[in-house]
Amino acid sequence: MERESDLYGPVKALLEAQGYVVKGEVGAADLMALRGDEPPVIVELKLKISLTLFHQAVARLAVTDHVYIAVPKPTGRSARRSLKDNLALCRRLGLGFMTVLSDGRVEVQCDPGPYAPRKSKVKQARLLREFQRLEGDPNQGGATRHGIVTAYRQDALKCAAMLAEVGPSRGKDVAKATGVEKATTLMRSNHYGWFEKVETGVYGLSPAGFAGLKHWAYSWGDDQNR
């Protein structure tokens, strides 16, 4: 679809099939529909999701509670996540959400209305655990260019720093010296590619591990001085 007007026909057909009288470009609204004495339905048509689109749709809520946004259905690798995120935002704002397929079919992802998502105790507990495990405040909020320091990364850095200082070591010795209880599992999993198995239960630091310590400017002394 190349023009917003390409969305108009399919959305109009959907609403007319439900008994609405539909007209385009009524005042500031891209599409307005009426059915008997019911409140009007307004649909904002755009070729892609944008903050401006949400601003416009929210402004239409001053006229009616029945406001939709309509966009072409996203395609590609990130389409499913994009659709899910935008659907969640529409529900939060009380907006309806329509997606138009290339063959002209319209899918109503959600209707307008109040929405109060349930809180996830599992997600909350996971976030609190990460907060407690994270030592200090190593990340500047909003800054991700250098990379995020997670509690897991801090543990990996501790193990890597020790190996860089003392050489290949048994997992249980690394755990005892660094305080990382699951040091053996962490080195065996080798999520960052920093470790290499020397023999059963013994791990050394890989070239990537030395590079990681340099990148994060981390040394064994950082642990010893805590």
# chains A, B, ... in the order shown; residues from 1 in each chain; ligands from 1
call {"tool": "residues_around", "arguments": {"residues": "region 77-82 of chain A", "least_positions_apart": "4", "cutoff": "12 Å", "atoms": "only C-alpha atoms", "output": "list in words"}}
result
Lys48, Ile49, Ser50, Pro72, Lys73, Asn86, Leu87, Ala88, Leu89 and Thr99 of chain A
call {"tool": "residues_around", "arguments": {"residues": "Leu205 (chain A)", "least_positions_apart": "4", "cutoff": "10 Å", "atoms": "only C-alpha atoms", "output": "ChimeraX atom specification"}}
result
/A:159-165,167-169,187,193-198,209-210
call {"tool": "closest_residue", "arguments": {"among": "A:Lys172, A:Arg129, A:Lys12, A:Arg118", "to": "Gly201 (chain A)", "atoms": "only C-alpha atoms"}}
result
A:Lys172
call {"tool": "residues_around", "arguments": {"residues": "region 105-107 of chain A", "least_positions_apart": "6", "cutoff": "9 Å", "atoms": "only C-alpha atoms", "output": "PDB file with C-alpha atoms, in the first residue's frame"}}
result
ATOM      1  CA  PRO A  10     -11.236  -1.779   3.031  1.00  0.00           C
ATOM      2  CA  VAL A  11     -12.040  -0.087   6.363  1.00  0.00           C
ATOM      3  CA  LEU A  14     -15.912  -3.421   6.914  1.00  0.00           C
ATOM      4  CA  ALA A  70      -5.752   1.574  11.027  1.00  0.00           C
ATOM      5  CA  LYS A  73      -0.431  -5.167   8.717  1.00  0.00           C
ATOM      6  CA  PHE A  97      -6.616  -1.112  16.411  1.00  0.00           C
ATOM      7  CA  MET A  98      -7.176  -2.329  12.839  1.00  0.00           C
ATOM      8  CA  THR A  99      -4.668  -3.795  10.426  1.00  0.00           C
TER       9      THR A  99
END
call {"tool": "atom_distance", "arguments": {"atom1": "CA of Pro39 (chain A)", "atom2": "CA of Ser5 (chain A)"}}
result
24.1 Å
call {"tool": "residues_around", "arguments": {"residues": "Glu25 (chain A)", "least_positions_apart": "3", "cutoff": "12 Å", "atoms": "only C-alpha atoms", "output": "VMD selection string"}}
result
chain A and resid 4 to 5 8 22 28 to 33 42 to 45
call {"tool": "atom_distance", "arguments": {"atom1": "CA of Cys90 (chain A)", "atom2": "CA of Leu127 (chain A)"}}
result
25.1 Å
call {"tool": "atom_distance", "arguments": {"atom1": "CA of Val166 (chain A)", "atom2": "CA of Glu199 (chain A)"}}
result
16.2 Å
call {"tool": "closest_residue", "arguments": {"among": "A:Asp155, A:Ser206, A:Gln56, A:Ser102", "to": "Glu181 (chain A)", "atoms": "only C-alpha atoms"}}
result
A:Asp155
call {"tool": "closest_residue", "arguments": {"among": "A:Val122, A:Leu15, A:Ala151, A:Ala183", "to": "Gly136 (chain A)", "atoms": "only C-alpha atoms"}}
result
A:Ala151
call {"tool": "residues_around", "arguments": {"residues": "Gly94 (chain A)", "least_positions_apart": "3", "cutoff": "7 Å", "atoms": "only C-alpha atoms", "output": "JSON list (two decimals) with C-alpha atoms, in the first residue's frame"}}
result
[["chain", "number", "residue", "atom", "x", "y", "z"],
["A", 90, "CYS", "CA", -3.63, 0.84, 21.95],
["A", 91, "ARG", "CA", -5.27, -1.05, 24.79],
["A", 112, "PRO", "CA", -11.77, 0.71, 22.04],
["A", 113, "GLY", "CA", -12.40, 0.52, 25.74],
["A", 114, "PRO", "CA", -10.85, 0.69, 29.20],
["A", 115, "TYR", "CA", -8.02, -1.72, 29.87]]
call {"tool": "select_by_dssp", "arguments": {"residues": "region 145-213 of chain A", "states": "strand (DSSP E or B)", "output": "count of residues only"}}
result
11
call {"tool": "select_by_dssp", "arguments": {"residues": "chain A", "states": "alpha helix (DSSP H)", "output": "number ranges by chain"}}
result
A: 5-17, 51-60, 79-93, 121-133, 151-166, 171-178, 183-189, 207-215, 220-224
call {"tool": "closest_residue", "arguments": {"among": "A:Asn190, A:Val67, A:Gly204, A:Gly36", "to": "Phe54 (chain A)", "atoms": "only C-alpha atoms"}}
result
A:Val67
